[in-house]
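The structure appears right after this line, and notes come after that.
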Amino acid sequence: MIVPSVYNNMLVDGKLYYTCSSVDIYSLAGKKSVVGEESGWTMNEMKQCVDSLPEGSQIFGANNKDMMLSGFMWGGIADDYIDWNKGECSFDSQEFKDLLAMCNTGTNSEEISVKSDTEALNSGEEMLVTAYCIDPNIYTAYKNAFDGDFSFKGYPCNRKSDGIFRLTSGVAMSTQCENKEAAWDFVRYLFTEEGQSKTYVASNGIPTRKDVFDVYVDEFTWDKSLDDVSALIQDRVSTYVNENK
């Protein structure tokens, strides 16, 4: 059985045309004292937060206009302005104009801050960082680094999601496949306990098979120290490397 939230998001008109054995989770994150404790926000709520920033602060370490806009669109905000079923869009709305104005506060420079996320947020120079490949050990690292003053706010959108997930190992079988039996064997292996375990050890992806996912979450408990997490990852990867050298 696939994790229900992943399965439901792969459906197209109620049908499953492809599947995946692992996913990654992404989010925008910042200090609770700056962006608020509640996860998820709309574009208008984010704009209010940006407008309250002290002089000299910026939204991201990469303050490039184009990079900010493309980052927002990549984060799923485009769905707020496109009705795919009706074939209509609303990029002339005031809300999208406000988004453009917010991105326009950036520069044309492609320079990126060399400071760590901790330094940038604690200094107040940046409001948000992009948190990649979030899993229990990444969550623990952020939580400990900011002594709990940290929130995964998510990309601004009307549904107020606190993050998005990306399929890291999508797979499908073509109707023209010449060896369907071998293809099915490959797909089946990806969803065995062995296949799922190797996937998340090798790629840090989050397994999508429900029982393996449950074990994964239990092993990466949320209250471990950074040293414990580092040791666990070192042990797992070393075992995998030695088995496959």
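By convention here, the chains of the structure tokens are called A, B, ... in the order presented, each chain's residues are numbered starting at 1, and ligands are numbered starting at 1 in the order presented.
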
Give me, as a PDB file with N, CA, C and O atoms, in the first residue's frame, all polymer residues having an atom no more than 12 Å from Glu38 (chain A), counting only C-alpha atoms and skipping those fewer than 4 positions away in the same chain.
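Final output, out.pdb:
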ATOM      1  N   ALA A  29      11.010  28.289   4.844  1.00  0.00           N
ATOM      2  CA  ALA A  29      11.077  28.254   6.295  1.00  0.00           C
ATOM      3  C   ALA A  29      11.690  29.530   6.846  1.00  0.00           C
ATOM      4  O   ALA A  29      12.483  30.200   6.183  1.00  0.00           O
ATOM      5  N   GLY A  30      11.291  29.876   8.064  1.00  0.00           N
ATOM      6  CA  GLY A  30      11.814  31.074   8.710  1.00  0.00           C
ATOM      7  C   GLY A  30      11.599  31.004  10.208  1.00  0.00           C
ATOM      8  O   GLY A  30      11.034  30.042  10.732  1.00  0.00           O
ATOM      9  N   LYS A  31      12.048  32.024  10.907  1.00  0.00           N
ATOM     10  CA  LYS A  31      11.891  32.066  12.355  1.00  0.00           C
ATOM     11  C   LYS A  31      10.443  32.380  12.721  1.00  0.00           C
ATOM     12  O   LYS A  31       9.815  33.256  12.114  1.00  0.00           O
ATOM     13  N   LYS A  32       9.909  31.652  13.692  1.00  0.00           N
ATOM     14  CA  LYS A  32       8.536  31.887  14.137  1.00  0.00           C
ATOM     15  C   LYS A  32       8.331  33.339  14.545  1.00  0.00           C
ATOM     16  O   LYS A  32       7.273  33.929  14.306  1.00  0.00           O
ATOM     17  N   SER A  33       9.350  33.919  15.168  1.00  0.00           N
ATOM     18  CA  SER A  33       9.241  35.290  15.662  1.00  0.00           C
ATOM     19  C   SER A  33       9.131  36.302  14.536  1.00  0.00           C
ATOM     20  O   SER A  33       8.768  37.457  14.762  1.00  0.00           O
ATOM     21  N   VAL A  34       9.421  35.872  13.305  1.00  0.00           N
ATOM     22  CA  VAL A  34       9.350  36.767  12.145  1.00  0.00           C
ATOM     23  C   VAL A  34       8.166  36.426  11.255  1.00  0.00           C
ATOM     24  O   VAL A  34       7.384  37.297  10.878  1.00  0.00           O
ATOM     25  N   THR A  42      -1.147  32.564   2.779  1.00  0.00           N
ATOM     26  CA  THR A  42      -1.543  33.021   1.453  1.00  0.00           C
ATOM     27  C   THR A  42      -0.533  34.052   0.975  1.00  0.00           C
ATOM     28  O   THR A  42       0.321  34.516   1.746  1.00  0.00           O
ATOM     29  N   GLU A  45      -0.905  37.209   3.024  1.00  0.00           N
ATOM     30  CA  GLU A  45      -0.312  37.093   4.357  1.00  0.00           C
ATOM     31  C   GLU A  45       1.206  37.209   4.292  1.00  0.00           C
ATOM     32  O   GLU A  45       1.826  37.828   5.167  1.00  0.00           O
ATOM     33  N   PHE A 150      11.469  28.213  14.921  1.00  0.00           N
ATOM     34  CA  PHE A 150      11.559  27.900  13.496  1.00  0.00           C
ATOM     35  C   PHE A 150      10.236  27.354  13.008  1.00  0.00           C
ATOM     36  O   PHE A 150       9.546  26.619  13.712  1.00  0.00           O
ATOM     37  N   SER A 151       9.847  27.729  11.798  1.00  0.00           N
ATOM     38  CA  SER A 151       8.573  27.276  11.244  1.00  0.00           C
ATOM     39  C   SER A 151       8.708  26.978   9.759  1.00  0.00           C
ATOM     40  O   SER A 151       9.308  27.763   9.016  1.00  0.00           O
ATOM     41  N   PHE A 152       8.184  25.821   9.336  1.00  0.00           N
ATOM     42  CA  PHE A 152       8.087  25.526   7.908  1.00  0.00           C
ATOM     43  C   PHE A 152       6.789  26.155   7.416  1.00  0.00           C
ATOM     44  O   PHE A 152       5.712  25.585   7.560  1.00  0.00           O
ATOM     45  N   LYS A 153       6.881  27.343   6.837  1.00  0.00           N
ATOM     46  CA  LYS A 153       5.691  28.088   6.426  1.00  0.00           C
ATOM     47  C   LYS A 153       5.103  27.572   5.133  1.00  0.00           C
ATOM     48  O   LYS A 153       3.903  27.655   4.900  1.00  0.00           O
ATOM     49  N   GLY A 154       5.945  27.050   4.240  1.00  0.00           N
ATOM     50  CA  GLY A 154       5.451  26.606   2.946  1.00  0.00           C
ATOM     51  C   GLY A 154       5.455  27.729   1.923  1.00  0.00           C
ATOM     52  O   GLY A 154       5.720  28.895   2.243  1.00  0.00           O
ATOM     53  N   LYS A 160      -2.945  27.193   1.491  1.00  0.00           N
ATOM     54  CA  LYS A 160      -2.114  27.344   2.693  1.00  0.00           C
ATOM     55  C   LYS A 160      -1.395  26.042   3.054  1.00  0.00           C
ATOM     56  O   LYS A 160      -1.446  25.576   4.185  1.00  0.00           O
ATOM     57  N   SER A 161      -0.701  25.485   2.087  1.00  0.00           N
ATOM     58  CA  SER A 161       0.063  24.265   2.309  1.00  0.00           C
ATOM     59  C   SER A 161       1.392  24.603   2.982  1.00  0.00           C
ATOM     60  O   SER A 161       2.000  25.631   2.696  1.00  0.00           O
ATOM     61  N   ASP A 162       1.850  23.728   3.883  1.00  0.00           N
ATOM     62  CA  ASP A 162       3.114  23.992   4.556  1.00  0.00           C
ATOM     63  C   ASP A 162       4.309  23.388   3.831  1.00  0.00           C
ATOM     64  O   ASP A 162       5.441  23.448   4.314  1.00  0.00           O
TER      65      ASP A 162
END

Enumerate as a ChimeraX atom specification all residues of region 2-200 of chain A assigned to alpha helix (DSSP H) by DSSP on the backbone, naming them with the chain letters and numbers the document uses. /A:4-10,32-35,43-51,65-74,94-103,117-122,136-145,180-190,193-200

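Shell of region 15-23 of chain A at 6 Å, with only C-alpha atoms counted and residues fewer than 3 places along the chain excluded, is A:Leu11, A:Val12, A:Arg166, A:Leu167, A:Thr168, A:Ser169, A:Gly170, A:Val171, A:Ala172, A:Gly205, A:Ile206, A:Pro207, A:Thr208.
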
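Using only C-alpha atoms, the smallest distance between any of A:Leu69, A:Val187, A:Val50, A:Ala145 and Leu121 (chain A) comes from A:Ala145.
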
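Taking CA of Val129 (chain A) and CA of Gly61 (chain A) as endpoints, the distance between them is 7.3 Å.
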
Using only C-alpha atoms, find the one residue out of A:Gly36, A:Asn108, A:Tyr132, A:Ser197 that sits nearest to Asp214 (chain A). A:Ser197

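Minimum distance to Lys115 (chain A) across A:Ser52, A:Asn85, A:Phe60, A:Phe165 (counting only C-alpha atoms) occurs at A:Phe60.
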
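Residue nearest Leu100 (chain A) within the list A:Ile82, A:Ala141, A:Met73, A:Leu128: A:Met73 [criterion: smallest interatomic distance, only C-alpha atoms].
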
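Proximity ranking of A:Lys143, A:Gln176, A:Asp79, A:Arg209 relative to Arg188 (chain A) places A:Arg209 first, based on only C-alpha atoms.
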